$ cat final35.tsv   # TSV, C-alpha atoms and all ligand atoms
chain	number	residue	atom	x	y	z
J	1	ALA	CA	14.26	-6.54	-14.13
J	2	LYS	CA	15.68	-4.71	-11.18
J	3	ARG	CA	13.80	-1.55	-12.05
J	4	GLU	CA	10.60	-3.51	-12.46
J	5	GLY	CA	11.21	-5.09	-9.10
J	6	ARG	CA	11.58	-1.69	-7.57
J	7	ASN	CA	8.32	-0.50	-9.07
J	8	CYS	CA	6.66	-3.58	-7.82
J	9	PHE	CA	8.06	-2.97	-4.40
J	10	HIS	CA	6.77	0.58	-4.36
J	11	TYR	CA	3.35	-0.48	-5.50
J	12	PHE	CA	3.28	-3.21	-2.89
J	13	THR	CA	4.23	-0.95	0.01
J	14	ASN	CA	1.71	1.67	-1.07
J	15	SER	CA	-1.12	-0.82	-1.09
J	16	MET	CA	0.07	-2.33	2.18
J	17	GLN	CA	0.14	1.12	3.67
J	18	GLU	CA	-3.36	1.71	2.40
J	19	THR	CA	-4.61	-1.52	3.94
J	20	ALA	CA	-2.99	-0.64	7.24
J	21	ASN	CA	-4.55	2.84	7.13
J	22	THR	CA	-7.96	1.43	6.37
J	23	ARG	CA	-7.67	-0.95	9.28
J	24	MET	CA	-6.54	1.83	11.60
J	25	ARG	CA	-9.41	4.00	10.53
J	26	LEU	CA	-11.88	1.14	11.03
J	27	ALA	CA	-10.39	0.35	14.44
J	28	ASN	CA	-10.85	3.99	15.43
J	29	ASP	CA	-14.39	4.17	14.10
J	30	LEU	CA	-15.28	0.88	15.75
J	31	ARG	CA	-14.46	2.43	19.12
J	32	HIS	CA	-17.48	4.71	18.71
J	33	ALA	CA	-19.73	2.33	16.84
J	34	VAL	CA	-21.40	0.81	19.89
J	35	LYS	CA	-21.97	4.17	21.58
J	36	ASN	CA	-23.27	5.71	18.34
J	37	GLY	CA	-25.71	2.85	17.79
J	38	GLU	CA	-24.11	1.83	14.49
J	39	LEU	CA	-24.07	-1.90	15.21
J	40	LEU	CA	-27.09	-3.98	14.27
J	41	VAL	CA	-27.99	-7.54	15.10
J	42	HIS	CA	-29.77	-9.48	12.39
J	43	TYR	CA	-31.38	-12.86	12.98
J	44	GLN	CA	-31.38	-15.79	10.60
J	45	PRO	CA	-34.26	-18.22	11.28
J	46	ILE	CA	-33.32	-21.85	11.97
J	47	ILE	CA	-36.01	-24.28	10.84
J	48	ASP	CA	-37.02	-27.60	12.36
J	49	LEU	CA	-36.70	-29.60	9.14
J	50	SER	CA	-39.30	-32.19	10.16
J	51	THR	CA	-42.08	-29.63	10.79
J	52	GLY	CA	-40.93	-26.65	8.72
J	53	TYR	CA	-41.44	-24.25	11.64
J	54	ILE	CA	-38.95	-21.72	13.00
J	55	GLN	CA	-37.38	-23.09	16.16
J	56	LYS	CA	-34.29	-20.96	16.65
J	57	ALA	CA	-32.40	-18.05	15.12
J	58	GLU	CA	-28.74	-17.16	14.79
J	59	ALA	CA	-27.70	-13.65	15.78
J	60	LEU	CA	-25.34	-12.14	13.19
J	61	VAL	CA	-23.86	-8.71	13.73
J	62	ARG	CA	-23.57	-5.96	11.08
J	63	TRP	CA	-21.99	-2.55	11.19
J	64	GLN	CA	-23.88	0.33	9.64
J	65	HIS	CA	-20.88	2.59	9.05
J	66	PRO	CA	-21.86	6.27	8.57
J	67	LYS	CA	-19.61	6.64	5.49
J	68	SER	CA	-18.91	3.14	4.17
J	69	GLY	CA	-22.39	1.64	4.54
J	70	ILE	CA	-23.00	-1.89	5.82
J	71	ILE	CA	-19.78	-3.68	6.81
J	72	ASN	CA	-19.92	-7.44	7.25
J	73	PRO	CA	-18.60	-9.21	10.35
J	74	ASP	CA	-15.80	-10.95	8.45
J	75	LYS	CA	-14.29	-7.47	7.96
J	76	PHE	CA	-14.61	-6.01	11.46
J	77	ILE	CA	-14.76	-8.92	13.94
J	78	PRO	CA	-11.00	-9.56	13.46
J	79	ILE	CA	-10.33	-5.88	14.17
J	80	ALA	CA	-12.61	-6.02	17.19
J	81	GLU	CA	-10.58	-8.98	18.43
J	82	GLU	CA	-7.20	-7.33	17.90
J	83	THR	CA	-8.28	-4.19	19.72
J	84	GLY	CA	-10.11	-5.99	22.52
J	85	LEU	CA	-13.33	-4.20	21.56
J	86	ILE	CA	-14.89	-7.62	20.98
J	87	VAL	CA	-15.58	-7.87	24.72
J	88	GLU	CA	-17.81	-4.79	24.75
J	89	ILE	CA	-19.34	-5.70	21.40
J	90	GLY	CA	-19.94	-9.28	22.50
J	91	ASP	CA	-21.72	-8.09	25.64
J	92	TRP	CA	-23.86	-5.75	23.59
J	93	ILE	CA	-24.85	-8.54	21.16
J	94	PHE	CA	-25.67	-10.80	24.08
J	95	HIS	CA	-28.00	-8.18	25.57
J	96	GLN	CA	-29.72	-7.64	22.22
J	97	ALA	CA	-30.20	-11.37	21.73
J	98	ALA	CA	-31.53	-11.82	25.28
J	99	THR	CA	-34.16	-9.11	24.74
J	100	GLN	CA	-35.21	-10.67	21.44
J	101	VAL	CA	-35.37	-14.24	22.75
J	102	LYS	CA	-37.48	-13.09	25.69
J	103	TYR	CA	-39.97	-11.41	23.36
J	104	CYS	CA	-40.22	-14.41	21.01
J	105	ARG	CA	-40.59	-16.91	23.84
J	106	ALA	CA	-43.31	-14.86	25.50
J	107	THR	CA	-45.16	-14.12	22.27
J	108	TYR	CA	-44.72	-17.02	19.85
J	109	ASN	CA	-42.76	-20.08	20.90
J	110	SER	CA	-41.82	-20.86	24.49
J	111	ASN	CA	-38.95	-23.12	23.37
J	112	PHE	CA	-37.40	-20.59	21.01
J	113	GLN	CA	-33.60	-20.22	21.22
J	114	ILE	CA	-31.14	-17.67	19.87
J	115	SER	CA	-27.59	-18.66	19.08
J	116	ILE	CA	-24.72	-16.23	19.31
J	117	ASN	CA	-21.22	-16.56	17.88
J	118	LYS	CA	-18.25	-16.39	20.23
J	119	SER	CA	-14.77	-15.58	19.05
J	120	PRO	CA	-11.72	-17.26	20.62
J	121	PHE	CA	-10.71	-13.97	22.19
J	122	GLN	CA	-13.88	-14.00	24.23
J	123	PHE	CA	-12.86	-17.22	25.93
J	124	LYS	CA	-10.24	-15.24	27.77
J	125	VAL	CA	-12.95	-13.25	29.55
J	126	ASP	CA	-12.97	-13.71	33.27
J	127	SER	CA	-15.60	-15.74	35.00
J	128	SER	CA	-17.31	-12.64	36.34
J	129	ARG	CA	-18.34	-11.60	32.83
J	130	CYS	CA	-19.85	-15.00	32.19
J	131	HIS	CA	-21.53	-14.56	35.53
J	132	SER	CA	-23.03	-11.23	34.50
J	133	TRP	CA	-24.69	-12.93	31.53
J	134	PHE	CA	-26.30	-15.57	33.71
J	135	GLU	CA	-27.46	-12.81	36.05
J	136	HIS	CA	-28.90	-10.90	33.12
J	137	LEU	CA	-30.88	-13.95	31.95
J	138	LYS	CA	-32.17	-14.49	35.46
J	139	LYS	CA	-33.26	-10.87	35.67
J	140	LEU	CA	-35.24	-11.37	32.45
J	141	GLY	CA	-36.73	-14.61	33.80
J	142	LEU	CA	-35.04	-16.65	31.05
J	143	PRO	CA	-33.54	-20.12	31.46
J	144	GLY	CA	-29.95	-20.67	30.29
J	145	GLU	CA	-31.21	-22.87	27.49
J	146	SER	CA	-32.71	-19.88	25.70
J	147	ILE	CA	-29.17	-19.14	24.49
J	148	VAL	CA	-26.94	-21.35	22.34
J	149	VAL	CA	-23.28	-20.39	22.04
J	150	GLU	CA	-21.65	-21.17	18.69
J	151	ILE	CA	-17.96	-21.89	18.70
J	152	THR	CA	-16.02	-22.56	15.52
J	153	GLU	CA	-13.99	-25.67	15.19
J	154	SER	CA	-10.91	-23.64	14.35
J	155	SER	CA	-11.19	-21.67	17.58
J	156	MET	CA	-11.18	-24.91	19.55
J	157	MET	CA	-7.60	-25.35	18.42
J	158	GLU	CA	-6.46	-22.35	20.42
J	159	ALA	CA	-6.39	-22.04	24.19
J	160	THR	CA	-7.91	-25.42	24.82
J	161	ASN	CA	-7.92	-25.16	28.59
J	162	ASN	CA	-9.66	-21.80	28.61
J	163	ILE	CA	-12.30	-23.06	26.27
J	164	TYR	CA	-12.82	-26.19	28.28
J	165	ASP	CA	-13.56	-24.21	31.47
J	166	TYR	CA	-15.65	-21.73	29.57
J	167	LEU	CA	-17.87	-24.38	28.01
J	168	LEU	CA	-18.30	-26.13	31.35
J	169	LYS	CA	-19.44	-22.88	32.92
J	170	LEU	CA	-21.94	-22.21	30.13
J	171	ARG	CA	-23.39	-25.68	30.33
J	172	ASP	CA	-23.52	-25.65	34.15
J	173	ASN	CA	-25.81	-22.68	33.75
J	174	GLY	CA	-28.02	-24.41	31.23
J	175	MET	CA	-26.77	-22.75	28.08
J	176	GLN	CA	-26.24	-24.95	25.06
J	177	VAL	CA	-23.18	-25.17	22.84
J	178	ALA	CA	-22.94	-25.67	19.08
J	179	LEU	CA	-19.78	-26.63	17.22
J	180	ASP	CA	-19.80	-24.31	14.18
J	181	ASP	CA	-18.34	-25.03	10.72
J	182	PHE	CA	-18.24	-28.72	11.55
J	183	GLY	CA	-16.15	-30.84	9.20
J	184	THR	CA	-13.87	-28.05	8.00
J	185	GLY	CA	-11.17	-28.31	10.69
J	186	TYR	CA	-8.46	-30.85	11.21
J	187	SER	CA	-9.76	-32.74	14.21
J	188	SER	CA	-13.53	-32.49	14.23
J	189	LEU	CA	-13.91	-35.92	15.79
J	190	ALA	CA	-11.41	-35.22	18.57
J	191	TYR	CA	-13.51	-32.24	19.69
J	192	LEU	CA	-16.62	-34.36	19.90
J	193	LYS	CA	-14.77	-36.67	22.23
J	194	LYS	CA	-13.26	-33.95	24.34
J	195	PHE	CA	-16.07	-31.43	24.81
J	196	ASP	CA	-19.67	-31.73	25.90
J	197	ILE	CA	-21.67	-30.05	23.20
J	198	ASP	CA	-25.31	-30.05	22.11
J	199	TYR	CA	-25.25	-29.37	18.37
J	200	ILE	CA	-22.97	-29.68	15.42
J	201	LYS	CA	-23.47	-27.27	12.54
J	202	ILE	CA	-22.62	-28.84	9.21
J	203	ASP	CA	-20.64	-26.27	7.26
J	204	LYS	CA	-22.26	-24.81	4.17
J	205	SER	CA	-19.45	-26.11	1.97
J	206	PHE	CA	-20.92	-29.63	2.41
J	207	VAL	CA	-24.51	-28.49	1.96
J	208	GLN	CA	-24.02	-26.46	-1.19
J	209	SER	CA	-22.88	-29.33	-3.39
J	210	LEU	CA	-25.32	-31.87	-1.92
J	211	SER	CA	-27.27	-32.54	-5.10
J	212	SER	CA	-24.29	-32.53	-7.46
J	213	ASP	CA	-21.77	-34.44	-5.36
J	214	SER	CA	-22.94	-37.81	-4.00
J	215	ASP	CA	-19.88	-37.95	-1.72
J	216	ASP	CA	-21.19	-34.89	0.10
J	217	LEU	CA	-24.53	-36.57	0.67
J	218	THR	CA	-22.73	-39.60	2.10
J	219	LEU	CA	-20.61	-37.36	4.33
J	220	CYS	CA	-23.64	-35.43	5.59
J	221	GLU	CA	-25.50	-38.64	6.30
J	222	ALA	CA	-22.51	-40.05	8.19
J	223	MET	CA	-22.28	-36.85	10.26
J	224	VAL	CA	-25.99	-37.04	11.13
J	225	VAL	CA	-25.86	-40.74	12.09
J	226	MET	CA	-22.76	-40.21	14.21
J	227	ALA	CA	-24.16	-37.11	15.90
J	228	HIS	CA	-27.41	-38.86	16.77
J	229	LYS	CA	-25.57	-41.82	18.26
J	230	LEU	CA	-23.68	-39.33	20.42
J	231	ASN	CA	-26.99	-37.72	21.39
J	232	LEU	CA	-26.28	-34.50	19.53
J	233	ARG	CA	-28.61	-32.62	17.20
J	234	VAL	CA	-27.53	-31.43	13.78
J	235	ILE	CA	-28.02	-28.01	12.16
J	236	ALA	CA	-27.19	-27.65	8.45
J	237	GLU	CA	-26.19	-24.17	7.28
J	238	GLY	CA	-26.26	-22.56	3.86
J	239	ILE	CA	-29.42	-24.26	2.52
J	240	GLU	CA	-30.28	-22.45	-0.71
J	241	THR	CA	-32.44	-24.88	-2.71
J	242	TRP	CA	-35.49	-27.10	-2.16
J	243	ASP	CA	-33.39	-29.98	-3.38
J	244	GLN	CA	-30.87	-29.48	-0.56
J	245	PHE	CA	-33.75	-29.13	1.92
J	246	GLU	CA	-35.35	-32.43	0.78
J	247	LEU	CA	-32.05	-34.33	0.82
J	248	LEU	CA	-31.23	-33.11	4.33
J	249	LYS	CA	-34.72	-34.07	5.50
J	250	SER	CA	-34.29	-37.53	3.96
J	251	ILE	CA	-31.14	-38.17	6.01
J	252	GLU	CA	-32.90	-36.92	9.16
J	253	CYS	CA	-30.90	-33.79	9.71
J	254	ASP	CA	-32.70	-32.00	12.55
J	255	PHE	CA	-32.46	-28.28	11.76
J	256	GLY	CA	-31.46	-26.04	8.89
J	257	GLN	CA	-30.88	-22.42	7.97
J	258	GLY	CA	-30.11	-20.66	4.72
J	259	TYR	CA	-31.25	-18.22	2.08
J	260	LEU	CA	-33.96	-20.67	0.96
J	261	PHE	CA	-35.81	-19.90	4.19
J	262	SER	CA	-34.52	-16.43	4.95
J	263	LYS	CA	-31.46	-14.22	4.93
J	264	PRO	CA	-30.45	-12.76	8.29
J	265	ILE	CA	-33.16	-10.15	8.99
J	266	PRO	CA	-33.87	-7.40	11.53
J	267	ALA	CA	-35.79	-8.33	14.69
J	268	ASN	CA	-39.06	-6.81	13.49
J	269	GLU	CA	-38.98	-8.94	10.32
J	270	LEU	CA	-38.32	-12.08	12.36
J	271	ASN	CA	-41.32	-11.21	14.51
J	272	GLN	CA	-43.35	-10.74	11.33
J	273	LEU	CA	-42.46	-14.28	10.16
J	274	PHE	CA	-43.61	-15.62	13.53
J	275	ALA	CA	-46.76	-13.52	13.51
J	276	GLU	CA	-47.66	-15.01	10.11
J	277	ASN	CA	-47.06	-18.48	11.56
J	278	THR	CA	-44.65	-19.17	8.70
J	279	ALA	CA	-43.84	-22.81	7.90
J	280	PHE	CA	-41.58	-24.05	5.11
B	301	LIG	P1	-20.97	-18.18	10.48
B	301	LIG	O1	-21.17	-18.26	11.95
B	301	LIG	O2	-20.56	-19.42	9.79
B	301	LIG	O3	-22.33	-17.58	9.92
B	301	LIG	C1	-22.94	-18.02	8.77
B	301	LIG	C2	-22.71	-17.05	7.62
B	301	LIG	O4	-23.30	-17.61	6.46
B	301	LIG	C3	-23.37	-15.68	7.81
B	301	LIG	O5	-22.54	-14.70	7.22
B	301	LIG	C4	-24.67	-15.84	7.04
B	301	LIG	O6	-25.21	-14.61	6.62
B	301	LIG	C5	-24.21	-16.68	5.89
B	301	LIG	N1	-25.31	-17.43	5.29
B	301	LIG	C6	-26.48	-17.78	5.86
B	301	LIG	N2	-27.24	-18.50	5.00
B	301	LIG	C7	-26.53	-18.62	3.87
B	301	LIG	C8	-26.79	-19.26	2.61
B	301	LIG	O7	-27.83	-19.86	2.37
B	301	LIG	N3	-25.81	-19.19	1.68
B	301	LIG	C9	-24.63	-18.53	1.90
B	301	LIG	N4	-23.73	-18.50	0.92
B	301	LIG	N5	-24.36	-17.92	3.07
B	301	LIG	C10	-25.29	-17.96	4.05
B	301	LIG	P2	-22.20	-13.35	7.95
B	301	LIG	O8	-23.41	-12.84	8.66
B	301	LIG	O9	-21.51	-12.47	6.96
B	301	LIG	O10	-21.17	-13.78	9.07
B	301	LIG	C11	-19.89	-14.24	8.74
B	301	LIG	C12	-19.17	-14.77	9.94
B	301	LIG	O11	-18.88	-13.71	10.86
B	301	LIG	C13	-19.98	-15.78	10.73
B	301	LIG	O12	-19.86	-17.05	10.13
B	301	LIG	C14	-19.33	-15.69	12.10
B	301	LIG	O13	-18.19	-16.52	12.14
B	301	LIG	C15	-18.90	-14.25	12.17
B	301	LIG	N6	-19.85	-13.51	13.01
B	301	LIG	C16	-21.08	-13.02	12.69
B	301	LIG	N7	-21.66	-12.43	13.74
B	301	LIG	C17	-20.79	-12.56	14.78
B	301	LIG	C18	-20.81	-12.15	16.16
B	301	LIG	O14	-21.80	-11.59	16.67
B	301	LIG	N8	-19.71	-12.47	16.93
B	301	LIG	C19	-18.65	-13.12	16.40
B	301	LIG	N9	-17.63	-13.40	17.23
B	301	LIG	N10	-18.60	-13.52	15.12
B	301	LIG	C20	-19.65	-13.24	14.31
B	302	CA	CA	-22.26	-19.35	13.40
B	303	CA	CA	-20.98	-21.61	10.36
B	304	CA	CA	-19.06	-21.22	7.80

$ encode --input "final35.tsv" --output "structure tokens" --more "lines below"
Ligand code: C2E
Ligand code: CA
Ligand code: CA
Ligand code: CA
Amino acid sequence: AKREGRNCFHYFTNSMQETANTRMRLANDLRHAVKNGELLVHYQPIIDLSTGYIQKAEALVRWQHPKSGIINPDKFIPIAEETGLIVEIGDWIFHQAATQVKYCRATYNSNFQISINKSPFQFKVDSSRCHSWFEHLKKLGLPGESIVVEITESSMMEATNNIYDYLLKLRDNGMQVALDDFGTGYSSLAYLKKFDIDYIKIDKSFVQSLSSDSDDLTLCEAMVVMAHKLNLRVIAEGIETWDQFELLKSIECDFGQGYLFSKPIPANELNQLFAENTAF
């Protein structure tokens, strides 16, 4: 047994070493990714469920690695946070999204909004960085409300004071705030009480079993009723079937996104959907 244990131990350390090496390599590569133009922002349309038209889009970052191909954000955002690169990357995403929202507002829909995801690390940014974003929007002639900032419930747990100031600053400048992955954390309701927000995003884990699990329909309906009483709008994520779409419409959920409508797509494809006046 001892010998086996030793083998196990060896195997374990080797694979741990490998993981650590992979992460180090990725961290190194990520340093050049922005400069080398390897990062891409894709946009997932968000549909007004009552009309079927595209009203917003969520910006989701991808990394086109020269050797490993497309790397998803779940893999490299944590590394970007650990290394502090998330600040530079976050700024870059913001600039991309601002350019895109300006184009869509001018060309297709003057109320169009783009939402961007913010990691907890980014709440530690100083106020001057926030300020540079507002300045950038002004320079483009865009109101704050053209941008929605998505913050996950789990990130609200950390650094509460920072986040509180941060959200105030965003909202003072007209930006809107969405509470992402709603219902998956431990104190969803406490956050609604504590923070001024504009949207809750019902997590896809509730949406995906809507037709098979009647409890999930009840939960979604309760979230929508509660949100509306608090003057918040609701966005459902992860809609994959017409059945889910119809059920969410029937409980008056305001907005939705998911593979049923579109996967996250490059800017030119989003523009194409608008140009075709797509309605679902
Ligand atoms: P999230 O904010 O919850 O984003 C939604 C995720 O669900 C996206 O994965 C999206 O592609 C995926 N999704 C959309 N529709 C469907 C559907 O119908 N079914 C299923 N099964 N999935 C769907 P993605 O793009 O891989 O992003 C993963 C996470 O990475 C995001 O979760 C977000 O937390 C984070 N992330 C993405 N972009 C950024 C970014 O620019 N900054 C930061 N800080 N985090 C980001
Ligand atoms: Ca999100
Ligand atoms: Ca989410
Ligand atoms: Ca989620």

$ atom_distance --input "final35.tsv" --atom1 "atom N9 of ligand LIG 301 (chain B)" --atom2 "CA of Asn173 (chain J)"
20.6 Å

$ residues_near_point --input "final35.tsv" --point "(-16.8, -4.2, 13.5)" --cutoff "12 Å" --atoms "all atoms listed in the file" --output "ChimeraX atom specification"
/J:23,25-34,38-41,60-65,70-90,93

$ axis_aligned_box --input "final35.tsv" --around "ligand LIG 301 (chain B)" --padding-each-side "3 Å" --output "AutoDock Vina command-line options"
--center_x -22.7 --center_y -15.7 --center_z 9.1 --size_x 16.2 --size_y 14.3 --size_z 22.3

$ residues_near_ligand --input "final35.tsv" --ligand "ligand CA 304 (chain B)" --cutoff "7 Å" --atoms "only C-alpha atoms and all ligand atoms" --output "PyMOL selection string"
chain J and resi 181+203-204

$ atom_distance --input "final35.tsv" --atom1 "CA of Ile116 (chain J)" --atom2 "CA of Val224 (chain J)"
22.4 Å

$ atom_distance --input "final35.tsv" --atom1 "CA of Asp91 (chain J)" --atom2 "CA of Tyr164 (chain J)"
20.3 Å

$ residues_near_ligand --input "final35.tsv" --ligand "ligand CA 303 (chain B)" --cutoff "9 Å" --atoms "all atoms listed in the file" --output "PyMOL selection string"
chain J and resi 150-152+179-182+201-204+236-238

$ closest_residue --input "final35.tsv" --among "J:Lys249, J:Arg233, J:Arg129, J:Lys118" --to "ligand LIG 301 (chain B)" --atoms "all atoms listed in the file"
J:Lys118

$ decode --input "final35.tsv" --residues "region 181-195 of chain J" --atoms "N, CA, C and O atoms" --output "PDB file, in the first residue's frame"
ATOM      1  N   ASP J 181     -25.926  36.073 -12.322  1.00  0.00           N
ATOM      2  CA  ASP J 181     -26.042  34.756 -11.672  1.00  0.00           C
ATOM      3  C   ASP J 181     -26.979  34.796 -10.475  1.00  0.00           C
ATOM      4  O   ASP J 181     -26.739  34.144  -9.444  1.00  0.00           O
ATOM      5  N   PHE J 182     -28.050  35.579 -10.596  1.00  0.00           N
ATOM      6  CA  PHE J 182     -28.943  35.782  -9.459  1.00  0.00           C
ATOM      7  C   PHE J 182     -29.572  34.460  -9.022  1.00  0.00           C
ATOM      8  O   PHE J 182     -30.008  33.652  -9.839  1.00  0.00           O
ATOM      9  N   GLY J 183     -29.609  34.266  -7.709  1.00  0.00           N
ATOM     10  CA  GLY J 183     -30.233  33.076  -7.143  1.00  0.00           C
ATOM     11  C   GLY J 183     -29.258  31.966  -6.819  1.00  0.00           C
ATOM     12  O   GLY J 183     -29.626  30.984  -6.193  1.00  0.00           O
ATOM     13  N   THR J 184     -27.997  32.122  -7.238  1.00  0.00           N
ATOM     14  CA  THR J 184     -27.031  31.049  -6.995  1.00  0.00           C
ATOM     15  C   THR J 184     -26.198  31.277  -5.737  1.00  0.00           C
ATOM     16  O   THR J 184     -25.552  30.371  -5.245  1.00  0.00           O
ATOM     17  N   GLY J 185     -26.195  32.510  -5.218  1.00  0.00           N
ATOM     18  CA  GLY J 185     -25.357  32.823  -4.055  1.00  0.00           C
ATOM     19  C   GLY J 185     -26.088  32.551  -2.756  1.00  0.00           C
ATOM     20  O   GLY J 185     -27.175  31.973  -2.748  1.00  0.00           O
ATOM     21  N   TYR J 186     -25.493  32.986  -1.685  1.00  0.00           N
ATOM     22  CA  TYR J 186     -26.083  32.699  -0.378  1.00  0.00           C
ATOM     23  C   TYR J 186     -27.011  33.786   0.128  1.00  0.00           C
ATOM     24  O   TYR J 186     -27.857  33.551   0.946  1.00  0.00           O
ATOM     25  N   SER J 187     -26.823  35.010  -0.359  1.00  0.00           N
ATOM     26  CA  SER J 187     -27.660  36.077   0.207  1.00  0.00           C
ATOM     27  C   SER J 187     -28.186  37.018  -0.855  1.00  0.00           C
ATOM     28  O   SER J 187     -28.128  38.230  -0.728  1.00  0.00           O
ATOM     29  N   SER J 188     -28.729  36.427  -1.903  1.00  0.00           N
ATOM     30  CA  SER J 188     -29.271  37.208  -3.019  1.00  0.00           C
ATOM     31  C   SER J 188     -30.167  38.352  -2.555  1.00  0.00           C
ATOM     32  O   SER J 188     -30.068  39.469  -3.033  1.00  0.00           O
ATOM     33  N   LEU J 189     -31.042  38.038  -1.606  1.00  0.00           N
ATOM     34  CA  LEU J 189     -32.017  39.054  -1.192  1.00  0.00           C
ATOM     35  C   LEU J 189     -31.346  40.186  -0.440  1.00  0.00           C
ATOM     36  O   LEU J 189     -31.725  41.345  -0.575  1.00  0.00           O
ATOM     37  N   ALA J 190     -30.324  39.868   0.347  1.00  0.00           N
ATOM     38  CA  ALA J 190     -29.609  40.903   1.096  1.00  0.00           C
ATOM     39  C   ALA J 190     -28.983  41.926   0.143  1.00  0.00           C
ATOM     40  O   ALA J 190     -28.967  43.118   0.423  1.00  0.00           O
ATOM     41  N   TYR J 191     -28.476  41.444  -1.001  1.00  0.00           N
ATOM     42  CA  TYR J 191     -27.856  42.374  -1.947  1.00  0.00           C
ATOM     43  C   TYR J 191     -28.881  43.321  -2.556  1.00  0.00           C
ATOM     44  O   TYR J 191     -28.603  44.480  -2.811  1.00  0.00           O
ATOM     45  N   LEU J 192     -30.076  42.799  -2.780  1.00  0.00           N
ATOM     46  CA  LEU J 192     -31.119  43.656  -3.347  1.00  0.00           C
ATOM     47  C   LEU J 192     -31.433  44.790  -2.398  1.00  0.00           C
ATOM     48  O   LEU J 192     -31.749  45.899  -2.801  1.00  0.00           O
ATOM     49  N   LYS J 193     -31.357  44.499  -1.124  1.00  0.00           N
ATOM     50  CA  LYS J 193     -31.671  45.493  -0.107  1.00  0.00           C
ATOM     51  C   LYS J 193     -30.541  46.512   0.010  1.00  0.00           C
ATOM     52  O   LYS J 193     -30.762  47.694   0.218  1.00  0.00           O
ATOM     53  N   LYS J 194     -29.335  46.031  -0.143  1.00  0.00           N
ATOM     54  CA  LYS J 194     -28.171  46.847   0.169  1.00  0.00           C
ATOM     55  C   LYS J 194     -27.718  47.727  -0.996  1.00  0.00           C
ATOM     56  O   LYS J 194     -27.202  48.818  -0.788  1.00  0.00           O
ATOM     57  N   PHE J 195     -27.864  47.230  -2.228  1.00  0.00           N
ATOM     58  CA  PHE J 195     -27.292  47.945  -3.367  1.00  0.00           C
ATOM     59  C   PHE J 195     -28.388  48.435  -4.309  1.00  0.00           C
ATOM     60  O   PHE J 195     -29.396  47.768  -4.495  1.00  0.00           O
TER      61      PHE J 195
END
